[in-house]
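**Student:** So that you have it, the file is my_file-v6.cif, and it contains mmCIF, N, CA and C atoms:
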data_entry
#
loop_
_atom_site.label_atom_id
_atom_site.label_comp_id
_atom_site.auth_asym_id
_atom_site.auth_seq_id
_atom_site.Cartn_x
_atom_site.Cartn_y
_atom_site.Cartn_z
N MET A 1411 7.22 -14.53 -16.19
CA MET A 1411 6.56 -15.80 -16.26
C MET A 1411 7.40 -16.84 -15.53
N ASN A 1412 6.78 -17.62 -14.66
CA ASN A 1412 7.46 -18.71 -13.96
C ASN A 1412 7.48 -19.95 -14.83
N TRP A 1413 8.57 -20.68 -14.73
CA TRP A 1413 8.69 -21.99 -15.37
C TRP A 1413 8.86 -23.00 -14.24
N THR A 1414 7.81 -23.64 -13.85
CA THR A 1414 7.87 -24.54 -12.71
C THR A 1414 8.05 -25.98 -13.17
N LEU A 1415 8.90 -26.69 -12.46
CA LEU A 1415 9.06 -28.12 -12.73
C LEU A 1415 7.92 -28.83 -12.02
N GLU A 1416 7.05 -29.47 -12.78
CA GLU A 1416 5.84 -30.06 -12.22
C GLU A 1416 5.86 -31.59 -12.22
N VAL A 1417 6.36 -32.20 -13.30
CA VAL A 1417 6.32 -33.65 -13.43
C VAL A 1417 7.61 -34.14 -14.08
N VAL A 1418 8.18 -35.20 -13.52
CA VAL A 1418 9.37 -35.84 -14.07
C VAL A 1418 9.00 -37.27 -14.46
N PRO A 1419 9.17 -37.64 -15.73
CA PRO A 1419 8.88 -39.02 -16.11
C PRO A 1419 9.96 -39.97 -15.58
N VAL A 1420 9.53 -41.09 -15.06
CA VAL A 1420 10.44 -42.11 -14.54
C VAL A 1420 10.19 -43.39 -15.34
N PRO A 1421 11.21 -43.85 -16.09
CA PRO A 1421 11.01 -45.03 -16.93
C PRO A 1421 11.08 -46.33 -16.12
N VAL A 1422 10.00 -47.12 -16.21
CA VAL A 1422 9.93 -48.38 -15.47
C VAL A 1422 9.40 -49.48 -16.39
N THR A 1423 9.63 -50.73 -16.01
CA THR A 1423 9.14 -51.85 -16.81
C THR A 1423 7.77 -52.33 -16.37
N ASP A 1424 7.47 -52.24 -15.08
CA ASP A 1424 6.23 -52.77 -14.53
C ASP A 1424 5.56 -51.68 -13.69
N LEU A 1425 4.48 -51.10 -14.21
CA LEU A 1425 3.82 -49.99 -13.53
C LEU A 1425 3.32 -50.36 -12.14
N ASP A 1426 2.73 -51.53 -12.01
CA ASP A 1426 2.19 -51.92 -10.70
C ASP A 1426 3.30 -52.11 -9.66
N ARG A 1427 4.38 -52.75 -10.06
CA ARG A 1427 5.53 -52.93 -9.15
C ARG A 1427 6.12 -51.58 -8.76
N ALA A 1428 6.26 -50.68 -9.72
CA ALA A 1428 6.81 -49.35 -9.43
C ALA A 1428 5.86 -48.55 -8.54
N LYS A 1429 4.57 -48.64 -8.81
CA LYS A 1429 3.58 -47.93 -7.98
C LYS A 1429 3.67 -48.41 -6.54
N GLU A 1430 3.75 -49.72 -6.35
CA GLU A 1430 3.86 -50.26 -4.99
C GLU A 1430 5.14 -49.77 -4.31
N PHE A 1431 6.24 -49.75 -5.04
CA PHE A 1431 7.51 -49.30 -4.48
C PHE A 1431 7.41 -47.84 -4.04
N TYR A 1432 7.02 -46.97 -4.95
CA TYR A 1432 7.00 -45.54 -4.64
C TYR A 1432 5.93 -45.17 -3.62
N ALA A 1433 4.77 -45.80 -3.68
CA ALA A 1433 3.70 -45.47 -2.73
C ALA A 1433 3.89 -46.15 -1.37
N ASP A 1434 4.06 -47.46 -1.39
CA ASP A 1434 4.07 -48.21 -0.13
C ASP A 1434 5.42 -48.24 0.57
N LYS A 1435 6.51 -48.18 -0.18
CA LYS A 1435 7.83 -48.28 0.43
C LYS A 1435 8.50 -46.92 0.62
N VAL A 1436 8.34 -46.02 -0.36
CA VAL A 1436 8.99 -44.72 -0.26
C VAL A 1436 8.05 -43.67 0.34
N GLY A 1437 6.75 -43.85 0.19
CA GLY A 1437 5.78 -42.95 0.82
C GLY A 1437 5.24 -41.84 -0.06
N PHE A 1438 5.39 -41.97 -1.38
CA PHE A 1438 4.82 -40.97 -2.28
C PHE A 1438 3.29 -41.15 -2.31
N LYS A 1439 2.56 -40.04 -2.53
CA LYS A 1439 1.11 -40.06 -2.64
C LYS A 1439 0.71 -40.36 -4.09
N VAL A 1440 -0.19 -41.30 -4.27
CA VAL A 1440 -0.70 -41.61 -5.60
C VAL A 1440 -1.73 -40.55 -5.96
N ASP A 1441 -1.41 -39.74 -6.97
CA ASP A 1441 -2.32 -38.69 -7.42
C ASP A 1441 -3.25 -39.19 -8.52
N LEU A 1442 -2.75 -40.09 -9.34
CA LEU A 1442 -3.50 -40.54 -10.50
C LEU A 1442 -3.02 -41.91 -10.91
N ASP A 1443 -3.95 -42.78 -11.20
CA ASP A 1443 -3.68 -44.07 -11.83
C ASP A 1443 -4.82 -44.31 -12.78
N ASP A 1444 -4.59 -44.03 -14.06
CA ASP A 1444 -5.70 -44.01 -15.00
C ASP A 1444 -5.29 -44.56 -16.36
N GLU A 1445 -6.21 -45.27 -16.98
CA GLU A 1445 -6.03 -45.67 -18.37
C GLU A 1445 -6.70 -44.56 -19.19
N ILE A 1446 -5.88 -43.71 -19.80
CA ILE A 1446 -6.41 -42.52 -20.46
C ILE A 1446 -6.96 -42.81 -21.85
N ALA A 1447 -6.59 -43.93 -22.41
CA ALA A 1447 -7.11 -44.45 -23.67
C ALA A 1447 -6.80 -45.94 -23.65
N PRO A 1448 -7.46 -46.72 -24.50
CA PRO A 1448 -7.18 -48.16 -24.48
C PRO A 1448 -5.68 -48.46 -24.62
N GLY A 1449 -5.14 -49.17 -23.62
CA GLY A 1449 -3.73 -49.55 -23.64
C GLY A 1449 -2.76 -48.45 -23.23
N MET A 1450 -3.27 -47.28 -22.83
CA MET A 1450 -2.40 -46.17 -22.40
C MET A 1450 -2.70 -45.84 -20.94
N ARG A 1451 -1.69 -46.05 -20.10
CA ARG A 1451 -1.88 -45.86 -18.65
C ARG A 1451 -0.84 -44.89 -18.12
N ILE A 1452 -1.27 -44.07 -17.17
CA ILE A 1452 -0.37 -43.15 -16.49
C ILE A 1452 -0.60 -43.26 -14.99
N ILE A 1453 0.52 -43.31 -14.26
CA ILE A 1453 0.48 -43.26 -12.80
C ILE A 1453 1.31 -42.05 -12.40
N GLN A 1454 0.72 -41.16 -11.62
CA GLN A 1454 1.44 -39.98 -11.14
C GLN A 1454 1.47 -40.01 -9.63
N LEU A 1455 2.66 -39.81 -9.05
CA LEU A 1455 2.84 -39.83 -7.60
C LEU A 1455 3.64 -38.59 -7.18
N THR A 1456 3.40 -38.13 -5.95
CA THR A 1456 4.09 -36.94 -5.45
C THR A 1456 4.75 -37.23 -4.11
N PRO A 1457 6.03 -36.89 -3.99
CA PRO A 1457 6.69 -37.03 -2.68
C PRO A 1457 6.01 -36.12 -1.65
N PRO A 1458 5.95 -36.52 -0.38
CA PRO A 1458 5.33 -35.69 0.64
C PRO A 1458 5.96 -34.29 0.68
N GLY A 1459 5.11 -33.26 0.61
CA GLY A 1459 5.58 -31.88 0.70
C GLY A 1459 6.12 -31.30 -0.59
N SER A 1460 6.15 -32.08 -1.68
CA SER A 1460 6.71 -31.62 -2.94
C SER A 1460 5.63 -31.02 -3.83
N ARG A 1461 6.04 -30.08 -4.67
CA ARG A 1461 5.15 -29.56 -5.70
C ARG A 1461 5.42 -30.23 -7.04
N CYS A 1462 6.43 -31.09 -7.09
CA CYS A 1462 6.78 -31.79 -8.32
C CYS A 1462 6.46 -33.27 -8.14
N SER A 1463 5.86 -33.86 -9.15
CA SER A 1463 5.47 -35.26 -9.13
C SER A 1463 6.35 -36.07 -10.08
N ILE A 1464 6.21 -37.38 -9.98
CA ILE A 1464 6.80 -38.27 -10.97
C ILE A 1464 5.65 -38.91 -11.74
N ALA A 1465 5.92 -39.29 -12.98
CA ALA A 1465 4.91 -39.97 -13.78
C ALA A 1465 5.54 -41.20 -14.41
N MET A 1466 4.79 -42.27 -14.40
CA MET A 1466 5.20 -43.52 -15.04
C MET A 1466 4.14 -43.84 -16.08
N LEU A 1467 4.59 -44.13 -17.28
CA LEU A 1467 3.69 -44.27 -18.42
C LEU A 1467 3.83 -45.62 -19.09
N SER A 1468 2.74 -46.07 -19.66
CA SER A 1468 2.75 -47.31 -20.43
C SER A 1468 1.85 -47.14 -21.64
N GLY A 1469 2.35 -47.52 -22.82
CA GLY A 1469 1.55 -47.48 -24.03
C GLY A 1469 1.34 -46.10 -24.63
N MET A 1470 2.01 -45.10 -24.09
CA MET A 1470 1.84 -43.73 -24.58
C MET A 1470 2.68 -43.53 -25.82
N PRO A 1471 2.16 -42.76 -26.80
CA PRO A 1471 3.00 -42.44 -27.96
C PRO A 1471 4.14 -41.51 -27.53
N GLN A 1472 5.25 -41.60 -28.21
CA GLN A 1472 6.41 -40.75 -27.93
C GLN A 1472 6.03 -39.28 -28.16
N THR A 1473 6.40 -38.42 -27.23
CA THR A 1473 6.17 -36.99 -27.41
C THR A 1473 7.01 -36.49 -28.58
N PRO A 1474 6.40 -35.79 -29.52
CA PRO A 1474 7.18 -35.29 -30.66
C PRO A 1474 8.35 -34.42 -30.20
N GLY A 1475 9.53 -34.69 -30.73
CA GLY A 1475 10.71 -33.91 -30.39
C GLY A 1475 11.40 -34.31 -29.10
N ALA A 1476 10.84 -35.27 -28.38
CA ALA A 1476 11.45 -35.71 -27.12
C ALA A 1476 12.13 -37.06 -27.32
N GLY A 1477 13.16 -37.29 -26.56
CA GLY A 1477 13.83 -38.58 -26.59
C GLY A 1477 13.13 -39.56 -25.68
N SER A 1478 13.69 -40.75 -25.59
CA SER A 1478 13.12 -41.75 -24.69
C SER A 1478 14.21 -42.25 -23.74
N MET A 1479 13.77 -42.77 -22.61
CA MET A 1479 14.68 -43.32 -21.61
C MET A 1479 14.31 -44.77 -21.38
N ALA A 1480 15.30 -45.61 -21.32
CA ALA A 1480 15.07 -47.02 -21.00
C ALA A 1480 14.83 -47.15 -19.49
N PRO A 1481 14.01 -48.13 -19.08
CA PRO A 1481 13.83 -48.35 -17.64
C PRO A 1481 15.19 -48.49 -16.95
N GLY A 1482 15.33 -47.80 -15.84
CA GLY A 1482 16.56 -47.84 -15.06
C GLY A 1482 17.62 -46.84 -15.50
N SER A 1483 17.31 -46.00 -16.46
CA SER A 1483 18.32 -45.06 -16.98
C SER A 1483 18.27 -43.68 -16.35
N LEU A 1484 17.35 -43.44 -15.44
CA LEU A 1484 17.24 -42.13 -14.79
C LEU A 1484 18.05 -42.15 -13.50
N HIS A 1485 19.00 -41.25 -13.38
CA HIS A 1485 19.88 -41.27 -12.21
C HIS A 1485 20.05 -39.87 -11.63
N GLY A 1486 20.08 -39.80 -10.32
CA GLY A 1486 20.42 -38.57 -9.64
C GLY A 1486 19.28 -37.64 -9.30
N LEU A 1487 18.02 -38.07 -9.47
CA LEU A 1487 16.94 -37.22 -8.99
C LEU A 1487 17.15 -36.99 -7.50
N GLN A 1488 16.94 -35.76 -7.06
CA GLN A 1488 17.29 -35.43 -5.68
C GLN A 1488 16.06 -35.01 -4.89
N LEU A 1489 15.93 -35.62 -3.72
CA LEU A 1489 14.90 -35.27 -2.74
C LEU A 1489 15.60 -34.62 -1.56
N CYS A 1490 14.92 -33.69 -0.88
CA CYS A 1490 15.46 -33.09 0.34
C CYS A 1490 14.55 -33.42 1.51
N VAL A 1491 15.17 -33.70 2.64
CA VAL A 1491 14.47 -33.98 3.90
C VAL A 1491 15.13 -33.18 5.00
N THR A 1492 14.41 -32.95 6.09
CA THR A 1492 15.01 -32.21 7.20
C THR A 1492 15.66 -33.11 8.24
N ASP A 1493 15.43 -34.42 8.14
CA ASP A 1493 16.04 -35.37 9.08
C ASP A 1493 16.44 -36.62 8.29
N ILE A 1494 17.67 -36.63 7.82
CA ILE A 1494 18.11 -37.72 6.94
C ILE A 1494 18.17 -39.06 7.67
N GLU A 1495 18.48 -39.04 8.95
CA GLU A 1495 18.52 -40.30 9.70
C GLU A 1495 17.13 -40.90 9.81
N ALA A 1496 16.11 -40.08 10.10
CA ALA A 1496 14.73 -40.57 10.17
C ALA A 1496 14.26 -41.04 8.80
N ALA A 1497 14.64 -40.32 7.75
CA ALA A 1497 14.25 -40.71 6.40
C ALA A 1497 14.87 -42.05 6.03
N ARG A 1498 16.14 -42.25 6.37
CA ARG A 1498 16.80 -43.52 6.06
C ARG A 1498 16.14 -44.66 6.83
N THR A 1499 15.85 -44.42 8.10
CA THR A 1499 15.20 -45.44 8.92
C THR A 1499 13.85 -45.83 8.32
N ALA A 1500 13.07 -44.84 7.88
CA ALA A 1500 11.76 -45.12 7.28
C ALA A 1500 11.91 -45.96 6.01
N LEU A 1501 12.87 -45.61 5.16
CA LEU A 1501 13.08 -46.38 3.94
C LEU A 1501 13.48 -47.82 4.26
N VAL A 1502 14.46 -47.99 5.12
CA VAL A 1502 14.95 -49.33 5.47
C VAL A 1502 13.84 -50.14 6.13
N ASP A 1503 13.07 -49.52 7.02
CA ASP A 1503 11.97 -50.23 7.68
C ASP A 1503 10.91 -50.69 6.68
N ASN A 1504 10.81 -50.01 5.54
CA ASN A 1504 9.85 -50.38 4.51
C ASN A 1504 10.46 -51.28 3.43
N GLY A 1505 11.69 -51.76 3.66
CA GLY A 1505 12.30 -52.71 2.75
C GLY A 1505 13.10 -52.11 1.61
N VAL A 1506 13.39 -50.81 1.69
CA VAL A 1506 14.19 -50.16 0.65
C VAL A 1506 15.65 -50.27 1.03
N GLN A 1507 16.49 -50.65 0.09
CA GLN A 1507 17.93 -50.71 0.34
C GLN A 1507 18.52 -49.32 0.15
N ALA A 1508 18.65 -48.59 1.24
CA ALA A 1508 19.21 -47.24 1.21
C ALA A 1508 20.69 -47.32 1.61
N SER A 1509 21.49 -46.47 0.99
CA SER A 1509 22.92 -46.44 1.32
C SER A 1509 23.13 -45.90 2.72
N ALA A 1510 24.35 -46.00 3.18
CA ALA A 1510 24.73 -45.33 4.42
C ALA A 1510 24.66 -43.83 4.18
N ILE A 1511 24.56 -43.07 5.24
CA ILE A 1511 24.59 -41.61 5.16
C ILE A 1511 26.04 -41.20 4.99
N ARG A 1512 26.28 -40.32 4.02
CA ARG A 1512 27.64 -39.87 3.72
C ARG A 1512 27.66 -38.37 3.53
N HIS A 1513 28.87 -37.83 3.57
CA HIS A 1513 29.07 -36.41 3.28
C HIS A 1513 30.35 -36.26 2.46
N VAL A 1514 30.48 -35.09 1.85
CA VAL A 1514 31.69 -34.81 1.09
C VAL A 1514 32.71 -34.20 2.04
N GLY A 1515 33.86 -34.86 2.15
CA GLY A 1515 34.94 -34.38 3.02
C GLY A 1515 36.15 -33.97 2.22
N ALA A 1516 37.23 -33.73 2.89
CA ALA A 1516 38.46 -33.25 2.26
C ALA A 1516 39.00 -34.24 1.23
N LYS A 1517 38.71 -35.53 1.40
CA LYS A 1517 39.24 -36.55 0.49
C LYS A 1517 38.14 -37.24 -0.32
N GLY A 1518 37.00 -36.60 -0.46
CA GLY A 1518 35.89 -37.19 -1.21
C GLY A 1518 34.78 -37.62 -0.28
N TRP A 1519 34.03 -38.64 -0.66
CA TRP A 1519 32.92 -39.12 0.15
C TRP A 1519 33.42 -39.80 1.41
N GLU A 1520 32.81 -39.44 2.54
CA GLU A 1520 33.14 -40.01 3.85
C GLU A 1520 31.85 -40.43 4.54
N ASP A 1521 31.95 -41.46 5.38
CA ASP A 1521 30.78 -41.94 6.11
C ASP A 1521 30.34 -40.93 7.16
N GLY A 1522 29.03 -40.93 7.43
CA GLY A 1522 28.45 -40.09 8.47
C GLY A 1522 27.92 -38.77 7.93
N LYS A 1523 27.24 -38.06 8.84
CA LYS A 1523 26.66 -36.77 8.49
C LYS A 1523 27.74 -35.70 8.39
N GLY A 1524 27.48 -34.73 7.54
CA GLY A 1524 28.36 -33.58 7.42
C GLY A 1524 27.68 -32.35 8.00
N GLU A 1525 28.22 -31.19 7.66
CA GLU A 1525 27.64 -29.93 8.10
C GLU A 1525 26.36 -29.65 7.32
N THR A 1526 25.80 -28.48 7.48
CA THR A 1526 24.57 -28.09 6.82
C THR A 1526 24.66 -28.32 5.31
N TRP A 1527 23.63 -28.92 4.74
CA TRP A 1527 23.52 -29.24 3.32
C TRP A 1527 24.51 -30.31 2.86
N ASN A 1528 25.21 -30.98 3.76
CA ASN A 1528 26.24 -31.92 3.36
C ASN A 1528 26.04 -33.30 3.98
N SER A 1529 24.80 -33.80 3.89
CA SER A 1529 24.50 -35.16 4.31
C SER A 1529 23.61 -35.79 3.25
N PHE A 1530 24.03 -36.96 2.75
CA PHE A 1530 23.36 -37.59 1.62
C PHE A 1530 23.22 -39.09 1.82
N MET A 1531 22.23 -39.66 1.14
CA MET A 1531 22.10 -41.11 0.99
C MET A 1531 21.49 -41.35 -0.38
N THR A 1532 21.53 -42.58 -0.82
CA THR A 1532 20.96 -42.94 -2.12
C THR A 1532 20.10 -44.19 -1.99
N PHE A 1533 19.19 -44.34 -2.95
CA PHE A 1533 18.44 -45.59 -3.08
C PHE A 1533 18.04 -45.73 -4.54
N ALA A 1534 17.62 -46.93 -4.90
CA ALA A 1534 17.21 -47.21 -6.28
C ALA A 1534 15.84 -47.89 -6.28
N ASP A 1535 15.07 -47.64 -7.34
CA ASP A 1535 13.80 -48.34 -7.48
C ASP A 1535 14.06 -49.73 -8.08
N PRO A 1536 13.03 -50.55 -8.22
CA PRO A 1536 13.25 -51.92 -8.72
C PRO A 1536 13.87 -52.00 -10.11
N ASP A 1537 13.76 -50.95 -10.92
CA ASP A 1537 14.36 -50.95 -12.25
C ASP A 1537 15.78 -50.42 -12.27
N GLY A 1538 16.23 -49.83 -11.15
CA GLY A 1538 17.57 -49.28 -11.09
C GLY A 1538 17.65 -47.78 -11.29
N ASN A 1539 16.51 -47.08 -11.37
CA ASN A 1539 16.53 -45.61 -11.37
C ASN A 1539 17.00 -45.18 -9.98
N THR A 1540 17.99 -44.29 -9.93
CA THR A 1540 18.57 -43.94 -8.63
C THR A 1540 18.17 -42.54 -8.17
N TRP A 1541 18.07 -42.43 -6.86
CA TRP A 1541 17.67 -41.20 -6.19
C TRP A 1541 18.75 -40.80 -5.18
N VAL A 1542 18.93 -39.51 -5.02
CA VAL A 1542 19.80 -38.94 -3.99
C VAL A 1542 18.90 -38.24 -2.99
N VAL A 1543 19.14 -38.46 -1.72
CA VAL A 1543 18.41 -37.77 -0.66
C VAL A 1543 19.41 -36.91 0.09
N GLN A 1544 19.10 -35.63 0.23
CA GLN A 1544 19.98 -34.67 0.89
C GLN A 1544 19.26 -34.08 2.09
N GLU A 1545 19.99 -33.89 3.18
CA GLU A 1545 19.40 -33.24 4.34
C GLU A 1545 19.46 -31.73 4.16
N ALA A 1546 18.32 -31.08 4.30
CA ALA A 1546 18.20 -29.63 4.24
C ALA A 1546 18.02 -29.09 5.65
N PRO A 1547 18.44 -27.85 5.91
CA PRO A 1547 18.35 -27.32 7.28
C PRO A 1547 16.93 -26.97 7.71
N SER A 1548 16.00 -26.81 6.75
CA SER A 1548 14.63 -26.46 7.10
C SER A 1548 13.71 -26.84 5.95
N GLU A 1549 12.43 -26.79 6.20
CA GLU A 1549 11.45 -27.08 5.15
C GLU A 1549 11.58 -26.04 4.04
N LEU A 1550 11.21 -26.41 2.84
CA LEU A 1550 11.31 -25.53 1.68
C LEU A 1550 10.57 -24.20 1.92
N SER A 1551 9.41 -24.26 2.53
CA SER A 1551 8.62 -23.03 2.76
C SER A 1551 9.32 -22.05 3.70
N GLU A 1552 10.29 -22.54 4.46
CA GLU A 1552 11.02 -21.68 5.42
C GLU A 1552 12.33 -21.17 4.87
N ARG A 1553 12.73 -21.61 3.69
CA ARG A 1553 14.00 -21.17 3.12
C ARG A 1553 13.83 -19.95 2.26
#
Could you write out this file's structure as structure tokens?
**Tutor:**
Amino acid sequence: MNWTLEVVPVPVTDLDRAKEFYADKVGFKVDLDDEIAPGMRIIQLTPPGSRCSIAMLSGMPQTPGAGSMAPGSLHGLQLCVTDIEAARTALVDNGVQASAIRHVGAKGWEDGKGETWNSFMTFADPDGNTWVVQEAPSELSER
């Protein structure tokens, strides 16, 4: 039996602001924006080429047995791209404050691209949830 990661909840304070950020600035596809019951709204978005989506919720009851996350408390979600320089340019051109491209060197983090699988940048959404972007040598379907 496969256990596939399908949806990651992202805690935000303002669903509309977050939707605009992820859709219009980062380029995620809006899969769903629905009020599933009075006062309960879910927005689900998917990064281009990904099989895993993010979900932002408002007014939903807590899932039994699950904890909760405060807006801005999710850190280190990782996206992979095949051209980190083009990805950074796209983010910056859309108004996202993306870090410089860095790699892990002999003395820790160093500026610039590294070898295969060793080029990274970061960005944060309006609530402070942080993302890591890593350059991959090829598309997921080719690995």
**Student:** List the neighbours of Asp1443 in chain A out to 6.5 Å using all atoms listed in the file; skip same-chain residues closer than 3 positions along the sequence, and give me the result as a list of chain:residue names.
**Tutor:** A:Val1440, A:Ile1452, A:Ile1453, A:Gln1454
**Student:** List the residues matched by the PyMOL selection byres ((chain A and resi 1529-1546) around 5) in the displayed structure as a ChimeraX atom specification, ordered by chain and then by residue number.
**Tutor:** /A:1482,1484-1492,1507-1513,1523-1524,1527-1528,1547-1548
**Student:** What does the distance from atom N of Phe1438 in chain A to atom C of Arg1553 in chain A come to in Å, to one decimal?
**Tutor:**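 Separating atom N of Phe1438 in chain A from atom C of Arg1553 in chain A is a distance of 23.9 Å.
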**Student:** Taking into account all atoms listed in the file, which residue in the set A:Asn1412, A:Val1417, A:Pro1481, A:Asp1441 is nearest to Ile1464 in chain A?
**Tutor:**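 So, comparing all the options, the nearest one is A:Val1417.
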**Student:** Work out how far apart CA of Ala1433 in chain A and CA of Leu1467 in chain A are and give it in Å to one decimal.
**Tutor:**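 Atom-to-atom, CA of Ala1433 in chain A to CA of Leu1467 in chain A, that is 15.7 Å.
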**Student:** Please, what is the axis-aligned box for every listed atom of range 1462-1469 of chain A with 8 Å on each side, as centre and edge lengths in Å to one decimal, as lines of an AutoDock Vina configuration file?
**Tutor:**
center_x = 4.1
center_y = -39.3
center_z = -15.9
size_x = 21.5
size_y = 32.4
size_z = 33.5
**Student:** Which of range 1412-1552 of chain A end up as alpha helix (DSSP H) when DSSP is run on this backbone - answer as number ranges by chain?
**Tutor:** A: 1425-1430, 1494-1503
**Student:** To one decimal place, how far is atom N of Leu1455 in chain A from atom N of Met1470 in chain A in Å?
**Tutor:**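 Here the two named atoms are 16.0 Å from each other.
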**Student:** Let's see if you can do this: from backbone DSSP, list all strand (DSSP E or B) residues in chain A, as a PyMOL selection string.
**Tutor:** chain A and resi 1417-1419+1439-1447+1450-1456+1463-1468+1485-1491+1512-1515+1518-1521+1530-1534+1540-1545
**Student:** Can you work out which one of A:Pro1419, A:Gly1522, A:Gly1505, A:Gly1469 has the shortest atom-to-atom distance to Pro1448 in chain A, counting only N, CA and C atoms?
**Tutor:**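 Checking each candidate against Pro1448 in chain A, we get A:Gly1469 as the closest.
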**Student:** Taking into account only N, CA and C atoms, which residue in the set A:Asp1434, A:Asp1426, A:Glu1445, A:Glu1520 is nearest to Asn1504 in chain A?
**Tutor:** A:Asp1434
